[in-house]
Structures are given as structure tokens and as C-alpha cells.
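A.B. asks: Please see the structure below; I have some questions.
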Amino acid sequence: YGTAGFRTKAELLDHVMYRMGLLAVIRSWAKAGQTIGVMITASHNPECDNGVKLVDPAGEMLEFAWEGLASDLAKAEDNDIPQQLDDIIRKCEIKECQGKVIVGRDTRKTSPALSTAVLDGVAAAGGQVTDLGVVTTPQLHYMVVATNTNGGYGEPSLQGYYTKLTSAFNQFMAGVSHKGNYKNRIMFDGANGVGAHAMKEFNDYLKDSLEVEIHNAGSGVLNSGCGADFVKVSQSAPAGLESVEDVRCVAVDGDADRVIYFYRSAGKFHLLDGDRIATLIAGYLQELLKQAGLTEKIRLGLVQTAYANGSSTDYIVNELSVPVACAPTGVKHLHHKALEYDIGVYFEANGHGTIIFSEHAQTLIKGSSSASKLQLLMDVINQTVGDAISDLLVVECVLADRGWSAEDWYKQYSDIPNKLMKVSVKDRTLVTTKDAERQVVTPAGMQDRINAAMAKYNRGRSFVRPSGTEDVVRVYAEADTQEAVDKLAAEVVDIVKEVLA
């Protein structure tokens with residue numbers, strides 16, 4: 001059980017799903033009967049994969065100490081399951097109560113059967129279950145939080161989710177009188193997944209605030225030649241949008257928790273990834289705090305990973321003067337770090353992220369007569385987890401209020417040329433890292449060779465890390481020219497292959 005829960009070939013997961021149904025009930029007991037979420041998805045992975053992850057009561061990822069318990073339970077022999085559960089109950093000093101679980105799944109063909117396995121596990125442990133059917137991962141997180149706060153965060157229904165986000169969005173957009181270069185039209189790549197389903201529902205609520213044309217709505221293969229991960233890695237438009245010019249485009253991933261913007265102009269592709277989204281939102285929030293006179297009372301910060309382009313970090317620190325922290329890859333690490341700020345903006349370069357507000361910040365903002373825009377934005381934002389469509393709506397609010405087109409946004413800073421590659425390996429656990437994954441610890445000597453490679457190139461930067469979801473080692477490189485970054489990336493890939501051979 002890792003950052004993404006369990007994830008592998010779908011045909012290997014039925015017994016794991018059943019046991020996660022059992023564990024979700026025990027986790028609910030451990031949380032005094034609060035509701036636990038179970039999401040069946042493999043996100044941006046190929047259609048043949050699937051996965052499962054548990055969601056804790058406040059919408060956060062499963063507590064780290066329980067990841068090992070989940071792994072042990074998944075690997076246990078059938079006859080040992082009762083003893084495993086008893087051991088967890090005794091070790092964690094859990095008292096039995098009415099366990100409550102909410103289950104959701106993505107659109108993969110294997111998801112209904114795997115969902116049944118989870119439901120059977122919940123029933124076997126005596127849990128009370130709500131089956132949401134096909135939902136985005138962020139919708140499941142929202143439902144868990146809304147249920148556990150008895151509607152304090154929002155009405156605990158899918159209609160409540162759509163209404164909360166869109167009513168605030170519509171009100172915000174209605175209050176922007178001069179939109180300058182902004183046009184309220186986008187083309188949406190749904191990755192042939194659940195994000196397309198959700199966007200269709202959103203369209204019914206958005207009225208005239210935003211015109212959304214949906215592509216890759218489910219007729220093709222999930223995440224194949226489309227979706228946020230494809231756009232980010234290939235740095236090209238997805239299927240169906242290759243020739244679209246001068247229109248703002250958005251891509252989400254298979255479970256709609258990642259979002260990437262892009263556009264083409266004069267035949268050239270331009271990417272607006274998680275780094276760009278983070279800097280746009282952080283800079284705008286800083287402006288609103290200043291307008292409301294709250295700069296000294298509310299501490300704003302931005303959390304990135306080592307994948308963040310060096311130019312984005314320079315821009316946010318030197319141009320916007322917003323503090324930046326670096327965390328290991330994985331949204332649970334960024335979320336935890338973001339909690340150190342009153343307003344924490346966190347995004348991975350792949351487009352996975354959100355904004356979280358402390359109770360202190362929310363109280364000050366709600367109590368200020370000069371913070372009406374901030375008040376509305378807090379309801380547009382799904383604070384529980386990275387939510388592609390919520391993030392999309394926030395970006396549209398910022399662009400509209402600033403009167404910016406995609407081109408205006410893109411011109412704020414120039415990315416250092418970069419490249420992301422992956423190396424297939426037999427055992428990715430041989431590579432361990434430190435310093436937010438920017439330095440290799442093992443195998444010994446690998447980091448020295450990477451350092452030597454980086455030193456050959458102006459503004460050279462590279463790091464490697466084991467994937468959290470597949471048997472590959474990921475390689476990231478930056479340098480001052482595309483030719484240089486291609487050479488640096490190739491050198492580091494060769495180093496990985498040689499050392500791990």
C-alpha cells in the first residue's frame with residue numbers, strides 16, 4: 001500500500017478489494033464510527049490496471065501507520081484473515097461500533113466487479129455502506145468530509161457537491177464586470193473517463209458562466225492518447241484536439257484529480273501545467289489578501305515537489321515573494337506540508353493539487369467585509385483533495401478577474417527546458433532517496449555520477465526516483481537549451497541502467 005493505495009493489473013485485485021472492505025470497517029471503528037471512503041481507481045494508469053485506496057474522515061489519505069497494516073492484510077493467507085483483523089484491533093486498541101463506509105469507482109470495465117468485492121468485505125465485517133457507483137475520486141473525498149461534518153462542509157450528496165462549487169463560481173464570475181482578454185470558453189479532454197461524466201453534470205449548473213466543449217468523453221480507450229498525463233509527458237495535444245488553435249484547452253486524468261491546461265498558437269503547442277496553475281493561484285491569492293488588509297494576519301505558502309520547473313520556483317519567490325517549500329512526490333506529502341501555512345497552495349507538476357485554508361484563515365476571511373472574492377473562492381475550491389474540475393473553475397475565476405487569455409498567463413515566466421523519462425527496472429525499491437527525493441541514497445555512487453552529468457550543462461539539474469505506482473525509475477532533467485536537456489536526460493537514463501543492471 002503506497003501513495004496511490006494498491007495499484008496493479010486488475011485481475012490480481014479481487015481478494016485485495018475484499019480485504020480493503022474489511023479494513024475500512026475496522027478503520028471506521030478506530031475513528032469512533034466516522035465514515036471512511038474506499039475509491040476503486042487506477043487514475044492515469046492504462047485501462048488494464050486498477051487499484052484501491054482508503055480515505056480517512058477528514059478527506060485525507062489513509063494514515064501512514066495503517067499502510068503497513070493494509071499491506072499485511074492484503075498478503076495474508078485466507079485462513080489467517082480473522083487473526084490479522086484481531087491483531088489490528090488489539091494493536092490499535094480499537095473498540096467495536098457501527099462502522100460506516102462510502103464506496104466509489106471509476107469507469108474501468110473491471111471496476112464494477114471489484115466494487116462488489118469491496119461491498120462484500122464491508123458486509124462481512126458488519127459495516128454500513130453507501131455505494132455511490134461511478135464518481136470521480138474528488139467527489140468521493142467530498143462525500144466523506146461532508147458526511148463526517150454533518151453537512152458543515154457541504155450537503156453530503158453529489159448534487160450538494162455540484163451546487164456548492166458552481167453556485168460560488170457563477171456568483172464570482174457574475175461579479176467580474178471587465179474580463180479583458182478572457183473568453184469564457186474552453187475545450188475539455190475527459191481522458192475517456194469519469195471526468196467527462198462529471199463535466200457533463202457540471203455543464204447543467206454552469207449556465208452562461210463557462211462554455212465547455214467536451215472531447216474524449218468515453219467512446220475511446222481510457223487514458224490512451226488523451227488525458228492530463230498524456231498531455232504532460234508527451235507535451236502535445238490529445239486525440240481530437242491536435243489541430244485546435246487559439247482556444248484554451250483543459251485535460252484531466254482517468255479519475256479527475258489532475259488537471260493540465262494547454263493551447264496551440266501559430267502551430268506551436270504551449271503547456272500550462274501544475275507549476276503554472278500553482279503560481280497563478282498563489283499570486284492571485286496574495287493580491288486578494290493585500291486588498292483585504294490580511295497579509296500580516298494570514299500566512300500564505302506554496303508547496304511544490306522536485307519536479308517543479310526551476311523557473312516557476314524563481315518566479316514565485318523572487319517576483320511574487322511567496323514562501324516556497326519542497327515536499328516528496330505524492331499528494332499526501334504535499335498536503336501535510338501545506339498544513340503548515342494558513343493558506344497552503346500545493347500542486348505537483350502533473351496537475352494534482354488544491355488549496356487548503358486553516359480555521360484561523362477561514363474565520364478572518366469570513367469576517368472581513370473586504371474579502372468577498374476570497375469568500376467565494378473558498379467555496380469554489382474542493383479543499384479535501386486535488387480536484388481537477390474544482391481547480392479548473394478556480395483558474396477560470398483568476399483568469400477572468402485578471403482579464404487574461406491563456407497567452408497572457410503563459411507569458412508570466414519562461415520555463416527552463418525540461419524532460420521527464422522513465423526506465424523500466426526489475427526492482428524499483430533498489431533506489432532510495434532523501435531531501436524531498438532530490439538526492440539518491442542507494443545505490444551508492446549513483447548520485448555522484450548524476451552530479452557529474454549535471455555539472456556539464458548550464459543550469460543543469462536532474463534527479464531520479466522510484467515510481468510509486470509502477471516498476472520504473474523516473475528521471476527528470478532541466479538545462480538551459482532543449483539540446484542540452486535531451487543530452488543530460490539521456491546520460492542520467494544510461495547511469496540508471498548501468499548502476500541497476
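We name chains A, B, ... following the order of the C-alpha cells; residues begin at 1 in each chain, and ligands are numbered from 1 as shown.
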If we count only C-alpha atoms, what is near Lys100 (chain A) at a cut-off of 9 Å, once residues fewer than 3 positions away on the same chain are taken out, given as a ChimeraX atom specification?

C.D. replies: /A:24-25,28-29,33-37,122,127-130

A.B. asks: As a PyMOL selection string, please: the residues near Gly330 (chain A) (cut-off 6 Å, only C-alpha atoms, same-chain neighbours under 2 positions excluded).

C.D. replies: chain A and resi 3+332-333

A.B. asks: Could you give me, as an mmCIF file with N, CA, C and O atoms, in the first residue's frame, the residues within 8 Å of region 135-141 of chain A, counting only C-alpha atoms and dropping anything in the same chain fewer than 3 positions from it?

C.D. replies:
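Produced file part-v6.cif, reproduced below:
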data_model
loop_
_atom_site.group_PDB
_atom_site.id
_atom_site.type_symbol
_atom_site.label_atom_id
_atom_site.label_comp_id
_atom_site.auth_asym_id
_atom_site.auth_seq_id
_atom_site.Cartn_x
_atom_site.Cartn_y
_atom_site.Cartn_z
ATOM 1 N N GLY A 37 -13.839 6.348 3.378
ATOM 2 C CA GLY A 37 -14.074 6.200 1.948
ATOM 3 C C GLY A 37 -13.221 5.113 1.334
ATOM 4 O O GLY A 37 -12.092 4.870 1.790
ATOM 5 N N MET A 39 -12.095 4.164 -2.637
ATOM 6 C CA MET A 39 -12.178 4.517 -4.055
ATOM 7 C C MET A 39 -11.477 3.472 -4.905
ATOM 8 O O MET A 39 -10.314 3.140 -4.657
ATOM 9 N N THR A 41 -9.974 2.825 -8.313
ATOM 10 C CA THR A 41 -9.469 3.521 -9.497
ATOM 11 C C THR A 41 -7.978 3.254 -9.651
ATOM 12 O O THR A 41 -7.290 2.952 -8.673
ATOM 13 N N VAL A 55 -9.842 6.418 2.219
ATOM 14 C CA VAL A 55 -9.882 7.852 2.521
ATOM 15 C C VAL A 55 -10.298 8.032 3.972
ATOM 16 O O VAL A 55 -11.347 7.520 4.394
ATOM 17 N N GLY A 59 -11.025 13.536 4.789
ATOM 18 C CA GLY A 59 -10.775 13.578 3.359
ATOM 19 C C GLY A 59 -9.330 13.354 2.984
ATOM 20 O O GLY A 59 -8.972 13.399 1.809
ATOM 21 N N GLU A 60 -8.489 13.100 3.983
ATOM 22 C CA GLU A 60 -7.073 12.908 3.702
ATOM 23 C C GLU A 60 -6.796 11.442 3.363
ATOM 24 O O GLU A 60 -7.637 10.575 3.550
ATOM 25 N N ILE A 102 -18.176 4.620 2.635
ATOM 26 C CA ILE A 102 -18.689 5.090 1.354
ATOM 27 C C ILE A 102 -17.775 4.547 0.255
ATOM 28 O O ILE A 102 -16.551 4.679 0.344
ATOM 29 N N VAL A 103 -18.358 3.946 -0.777
ATOM 30 C CA VAL A 103 -17.579 3.310 -1.849
ATOM 31 C C VAL A 103 -17.888 3.991 -3.180
ATOM 32 O O VAL A 103 -19.047 4.280 -3.500
ATOM 33 N N GLY A 104 -16.843 4.267 -3.946
ATOM 34 C CA GLY A 104 -16.999 4.814 -5.296
ATOM 35 C C GLY A 104 -16.057 4.110 -6.250
ATOM 36 O O GLY A 104 -15.092 3.468 -5.827
ATOM 37 N N ARG A 105 -16.328 4.243 -7.546
ATOM 38 C CA ARG A 105 -15.467 3.578 -8.535
ATOM 39 C C ARG A 105 -15.389 4.421 -9.802
ATOM 40 O O ARG A 105 -16.248 5.272 -10.064
ATOM 41 N N ASP A 106 -14.326 4.172 -10.596
ATOM 42 C CA ASP A 106 -14.191 4.872 -11.873
ATOM 43 C C ASP A 106 -14.878 4.062 -12.974
ATOM 44 O O ASP A 106 -15.622 3.114 -12.691
ATOM 45 N N LEU A 132 -21.781 4.748 -4.024
ATOM 46 C CA LEU A 132 -22.005 5.902 -4.900
ATOM 47 C C LEU A 132 -22.013 5.529 -6.369
ATOM 48 O O LEU A 132 -22.436 6.324 -7.210
ATOM 49 N N VAL A 144 -17.130 12.023 1.812
ATOM 50 C CA VAL A 144 -16.638 11.583 3.124
ATOM 51 C C VAL A 144 -16.617 12.756 4.102
ATOM 52 O O VAL A 144 -17.104 12.653 5.242
ATOM 53 N N VAL A 145 -16.060 13.884 3.662
ATOM 54 C CA VAL A 145 -15.953 15.049 4.552
ATOM 55 C C VAL A 145 -17.327 15.635 4.862
ATOM 56 O O VAL A 145 -17.637 15.956 6.020
ATOM 57 N N LEU A 158 -24.141 14.150 -4.152
ATOM 58 C CA LEU A 158 -23.471 14.603 -5.368
ATOM 59 C C LEU A 158 -24.081 15.914 -5.854
ATOM 60 O O LEU A 158 -23.371 16.793 -6.345
ATOM 61 N N TYR A 161 -22.461 18.582 -3.942
ATOM 62 C CA TYR A 161 -21.115 18.852 -4.455
ATOM 63 C C TYR A 161 -21.182 19.802 -5.646
ATOM 64 O O TYR A 161 -20.502 20.838 -5.678
ATOM 65 N N VAL A 194 -14.182 9.080 -16.090
ATOM 66 C CA VAL A 194 -15.260 9.605 -15.264
ATOM 67 C C VAL A 194 -15.287 11.132 -15.232
ATOM 68 O O VAL A 194 -16.332 11.737 -14.977
ATOM 69 N N GLY A 195 -14.155 11.768 -15.523
ATOM 70 C CA GLY A 195 -14.123 13.232 -15.554
ATOM 71 C C GLY A 195 -15.064 13.797 -16.598
ATOM 72 O O GLY A 195 -15.671 14.866 -16.396
ATOM 73 N N ALA A 198 -18.561 13.704 -15.155
ATOM 74 C CA ALA A 198 -18.752 14.778 -14.179
ATOM 75 C C ALA A 198 -18.895 16.126 -14.868
ATOM 76 O O ALA A 198 -19.719 16.959 -14.474
ATOM 77 N N ASP A 255 -9.373 9.618 -13.221
ATOM 78 C CA ASP A 255 -10.309 9.754 -12.100
ATOM 79 C C ASP A 255 -10.543 11.214 -11.719
ATOM 80 O O ASP A 255 -11.111 11.514 -10.672
ATOM 81 N N ALA A 256 -10.074 12.137 -12.586
ATOM 82 C CA ALA A 256 -10.351 13.576 -12.470
ATOM 83 C C ALA A 256 -9.806 14.217 -11.198
ATOM 84 O O ALA A 256 -10.449 15.070 -10.601
ATOM 85 N N ASP A 257 -8.577 13.819 -10.812
ATOM 86 C CA ASP A 257 -7.927 14.549 -9.716
ATOM 87 C C ASP A 257 -6.676 15.302 -10.190
ATOM 88 O O ASP A 257 -5.991 15.928 -9.385
ATOM 89 N N ASN A 382 -12.317 22.704 -3.752
ATOM 90 C CA ASN A 382 -12.523 21.456 -3.014
ATOM 91 C C ASN A 382 -11.261 21.215 -2.200
ATOM 92 O O ASN A 382 -10.257 20.711 -2.702
ATOM 93 N N THR A 384 -10.616 19.154 0.104
ATOM 94 C CA THR A 384 -10.374 17.810 0.621
ATOM 95 C C THR A 384 -9.282 17.066 -0.131
ATOM 96 O O THR A 384 -8.625 16.193 0.431
ATOM 97 N N VAL A 385 -9.077 17.406 -1.411
ATOM 98 C CA VAL A 385 -8.100 16.681 -2.225
ATOM 99 C C VAL A 385 -7.965 17.424 -3.553
ATOM 100 O O VAL A 385 -8.789 18.273 -3.887
ATOM 101 N N GLY A 386 -6.923 17.098 -4.314
ATOM 102 C CA GLY A 386 -6.820 17.647 -5.649
ATOM 103 C C GLY A 386 -8.046 17.272 -6.468
ATOM 104 O O GLY A 386 -8.385 16.101 -6.579
ATOM 105 N N ASP A 387 -8.732 18.267 -7.012
ATOM 106 C CA ASP A 387 -9.968 18.048 -7.764
ATOM 107 C C ASP A 387 -9.832 18.781 -9.084
ATOM 108 O O ASP A 387 -9.857 20.008 -9.133
#

A.B. asks: Listing only residues of region 313-425 of chain A within 12 Å of region 170-175 of chain A, what is the closest atom pair and its distance in Å (to one decimal) for each, using only C-alpha atoms, sorted by chain and residue number ascending, as a Markdown table?

C.D. replies:
| residue | atom | partner | partner_atom | distance |
| --- | --- | --- | --- | --- |
| A:Ser372 | CA | A:Phe172 | CA | 9.0 |
| A:Lys373 | CA | A:Phe172 | CA | 6.9 |
| A:Leu374 | CA | A:Phe172 | CA | 9.6 |
| A:Gln375 | CA | A:Phe172 | CA | 9.6 |
| A:Leu376 | CA | A:Phe172 | CA | 6.4 |
| A:Leu377 | CA | A:Phe172 | CA | 7.7 |
| A:Met378 | CA | A:Phe172 | CA | 11.0 |
| A:Asp379 | CA | A:Phe172 | CA | 10.3 |
| A:Val380 | CA | A:Phe172 | CA | 9.1 |
| A:Leu393 | CA | A:Asn170 | CA | 9.7 |
| A:Val394 | CA | A:Phe172 | CA | 9.9 |
| A:Val395 | CA | A:Met173 | CA | 11.6 |
| A:Glu396 | CA | A:Met173 | CA | 8.7 |
| A:Cys397 | CA | A:Met173 | CA | 6.5 |
| A:Val398 | CA | A:Met173 | CA | 9.6 |
| A:Leu399 | CA | A:Met173 | CA | 10.4 |
| A:Ala400 | CA | A:Met173 | CA | 7.4 |
| A:Asp401 | CA | A:Met173 | CA | 8.0 |
| A:Arg402 | CA | A:Met173 | CA | 11.6 |
| A:Gly403 | CA | A:Met173 | CA | 11.6 |

A.B. asks: Generate the output file for the selected residues, all heavy atoms, as a short mmCIF file (atom, residue, chain, number, x, y, z; two decimals), in the first residue's frame.

C.D. replies:
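So again02.cif came out as:
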data_model
loop_
_atom_site.label_atom_id
_atom_site.label_comp_id
_atom_site.auth_asym_id
_atom_site.auth_seq_id
_atom_site.Cartn_x
_atom_site.Cartn_y
_atom_site.Cartn_z
N SER A 372 -14.70 39.60 -0.13
CA SER A 372 -15.82 38.89 -0.76
C SER A 372 -15.34 37.89 -1.81
O SER A 372 -15.90 36.79 -1.93
CB SER A 372 -16.80 39.89 -1.38
OG SER A 372 -16.14 40.71 -2.35
N LYS A 373 -14.33 38.25 -2.58
CA LYS A 373 -13.82 37.32 -3.60
C LYS A 373 -13.18 36.10 -2.96
O LYS A 373 -13.36 34.97 -3.42
CB LYS A 373 -12.82 38.03 -4.52
CG LYS A 373 -13.46 39.05 -5.46
CD LYS A 373 -12.42 39.74 -6.33
CE LYS A 373 -13.08 40.77 -7.25
NZ LYS A 373 -12.09 41.51 -8.06
N LEU A 374 -12.43 36.32 -1.90
CA LEU A 374 -11.83 35.20 -1.18
C LEU A 374 -12.90 34.28 -0.60
O LEU A 374 -12.76 33.05 -0.61
CB LEU A 374 -10.93 35.72 -0.05
CG LEU A 374 -9.48 36.05 -0.39
CD1 LEU A 374 -8.80 36.76 0.77
CD2 LEU A 374 -8.70 34.79 -0.76
N GLN A 375 -13.97 34.88 -0.09
CA GLN A 375 -15.06 34.09 0.48
C GLN A 375 -15.67 33.17 -0.58
O GLN A 375 -15.94 32.00 -0.32
CB GLN A 375 -16.12 35.02 1.07
CG GLN A 375 -15.65 35.79 2.31
CD GLN A 375 -16.55 36.98 2.64
OE1 GLN A 375 -17.65 37.11 2.09
NE2 GLN A 375 -16.09 37.85 3.53
N LEU A 376 -15.89 33.70 -1.77
CA LEU A 376 -16.45 32.88 -2.85
C LEU A 376 -15.47 31.80 -3.31
O LEU A 376 -15.85 30.65 -3.54
CB LEU A 376 -16.86 33.77 -4.03
CG LEU A 376 -18.09 34.65 -3.81
CD1 LEU A 376 -18.25 35.62 -4.97
CD2 LEU A 376 -19.34 33.80 -3.66
N LEU A 377 -14.19 32.17 -3.44
CA LEU A 377 -13.19 31.21 -3.90
C LEU A 377 -13.07 30.02 -2.95
O LEU A 377 -12.83 28.89 -3.39
CB LEU A 377 -11.82 31.88 -4.04
CG LEU A 377 -11.56 32.63 -5.35
CD1 LEU A 377 -10.15 33.21 -5.35
CD2 LEU A 377 -11.76 31.75 -6.57
N MET A 378 -13.24 30.25 -1.65
CA MET A 378 -13.15 29.14 -0.69
C MET A 378 -14.21 28.08 -0.98
O MET A 378 -13.99 26.89 -0.71
CB MET A 378 -13.29 29.66 0.75
CG MET A 378 -12.03 30.27 1.30
SD MET A 378 -12.00 30.37 3.11
CE MET A 378 -13.45 31.37 3.45
N ASP A 379 -15.37 28.50 -1.53
CA ASP A 379 -16.41 27.53 -1.86
C ASP A 379 -16.24 26.92 -3.24
O ASP A 379 -16.77 25.84 -3.51
CB ASP A 379 -17.78 28.19 -1.74
CG ASP A 379 -18.28 28.25 -0.31
OD1 ASP A 379 -17.77 27.48 0.53
OD2 ASP A 379 -19.16 29.09 -0.01
N VAL A 380 -15.50 27.59 -4.12
CA VAL A 380 -15.18 27.00 -5.43
C VAL A 380 -14.15 25.90 -5.26
O VAL A 380 -14.14 24.91 -5.99
CB VAL A 380 -14.66 28.08 -6.41
CG1 VAL A 380 -14.28 27.45 -7.76
CG2 VAL A 380 -15.70 29.17 -6.63
N LEU A 393 -12.19 25.44 -12.31
CA LEU A 393 -13.08 26.57 -12.02
C LEU A 393 -12.33 27.70 -11.32
O LEU A 393 -12.58 28.89 -11.59
CB LEU A 393 -14.27 26.11 -11.18
CG LEU A 393 -15.23 25.10 -11.84
CD1 LEU A 393 -16.33 24.69 -10.87
CD2 LEU A 393 -15.83 25.67 -13.12
N VAL A 394 -11.41 27.34 -10.43
CA VAL A 394 -10.60 28.36 -9.74
C VAL A 394 -9.73 29.12 -10.75
O VAL A 394 -9.65 30.36 -10.72
CB VAL A 394 -9.73 27.73 -8.64
CG1 VAL A 394 -8.79 28.78 -8.02
CG2 VAL A 394 -10.60 27.12 -7.54
N VAL A 395 -9.08 28.37 -11.64
CA VAL A 395 -8.24 29.00 -12.67
C VAL A 395 -9.07 29.96 -13.52
O VAL A 395 -8.64 31.08 -13.82
CB VAL A 395 -7.56 27.93 -13.55
CG1 VAL A 395 -6.95 28.58 -14.79
CG2 VAL A 395 -6.49 27.18 -12.77
N GLU A 396 -10.28 29.52 -13.90
CA GLU A 396 -11.13 30.38 -14.72
C GLU A 396 -11.51 31.66 -13.97
O GLU A 396 -11.58 32.74 -14.56
CB GLU A 396 -12.39 29.62 -15.15
CG GLU A 396 -12.12 28.45 -16.09
CD GLU A 396 -11.45 28.87 -17.39
OE1 GLU A 396 -11.90 29.83 -18.02
OE2 GLU A 396 -10.44 28.23 -17.78
N CYS A 397 -11.75 31.56 -12.67
CA CYS A 397 -12.03 32.76 -11.85
C CYS A 397 -10.87 33.74 -11.89
O CYS A 397 -11.05 34.94 -12.09
CB CYS A 397 -12.29 32.35 -10.39
SG CYS A 397 -13.89 31.58 -10.08
N VAL A 398 -9.66 33.21 -11.71
CA VAL A 398 -8.47 34.08 -11.68
C VAL A 398 -8.24 34.73 -13.05
O VAL A 398 -8.01 35.94 -13.14
CB VAL A 398 -7.22 33.28 -11.25
CG1 VAL A 398 -5.98 34.18 -11.26
CG2 VAL A 398 -7.42 32.66 -9.87
N LEU A 399 -8.31 33.94 -14.10
CA LEU A 399 -8.09 34.48 -15.44
C LEU A 399 -9.12 35.55 -15.78
O LEU A 399 -8.80 36.61 -16.33
CB LEU A 399 -8.14 33.37 -16.49
CG LEU A 399 -7.02 32.32 -16.44
CD1 LEU A 399 -7.24 31.25 -17.51
CD2 LEU A 399 -5.64 32.96 -16.61
N ALA A 400 -10.39 35.31 -15.43
CA ALA A 400 -11.45 36.27 -15.72
C ALA A 400 -11.23 37.58 -14.97
O ALA A 400 -11.35 38.67 -15.54
CB ALA A 400 -12.81 35.67 -15.36
N ASP A 401 -10.89 37.47 -13.67
CA ASP A 401 -10.73 38.68 -12.86
C ASP A 401 -9.50 39.48 -13.28
O ASP A 401 -9.49 40.71 -13.18
CB ASP A 401 -10.64 38.31 -11.38
CG ASP A 401 -10.94 39.50 -10.47
OD1 ASP A 401 -11.76 40.35 -10.86
OD2 ASP A 401 -10.34 39.59 -9.39
N ARG A 402 -8.49 38.78 -13.79
CA ARG A 402 -7.30 39.47 -14.28
C ARG A 402 -7.44 39.91 -15.74
O ARG A 402 -6.61 40.67 -16.24
CB ARG A 402 -6.07 38.58 -14.12
CG ARG A 402 -5.59 38.47 -12.68
CD ARG A 402 -4.28 37.74 -12.58
NE ARG A 402 -3.63 38.01 -11.31
CZ ARG A 402 -2.51 37.42 -10.89
NH1 ARG A 402 -1.92 36.52 -11.66
NH2 ARG A 402 -1.98 37.73 -9.73
N GLY A 403 -8.46 39.40 -16.41
CA GLY A 403 -8.64 39.74 -17.81
C GLY A 403 -7.60 39.11 -18.71
O GLY A 403 -7.21 39.69 -19.73
#

A.B. asks: Write out as number ranges by chain the set of residues from region 130-219 of chain A that DSSP, computed on the backbone, places in strand (DSSP E).

C.D. replies: A: 130-134, 185-189, 211-215

A.B. asks: Go ahead and compute the interatomic distance for CA of Gly121 (chain A) and CA of Cys48 (chain A), in Å to one decimal.

C.D. replies: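 Straight-line distance from CA of Gly121 (chain A) to CA of Cys48 (chain A) works out to 23.2 Å.
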
A.B. asks: CA of Ser370 (chain A) to CA of Ala146 (chain A): how many Å, to one decimal?

C.D. replies: 27.9 Å

A.B. asks: Pick out the residues sitting within 8 Å of Asp246 (chain A), and hand them over as a list of chain:residue names; count only C-alpha atoms, and ignore anything fewer than 4 positions along from it in its own chain.

C.D. replies: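 Near neighbours after the sequence-gap exclusion: A:Tyr263, A:Arg264, A:Ser265.
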
A.B. asks: Please identify the helix (DSSP H, G or I) residues within region 49-161 of chain A (assignment by DSSP from backbone atoms) and present them as a ChimeraX atom specification.

C.D. replies: /A:64-75,78-91,111-124,137-148,158-161
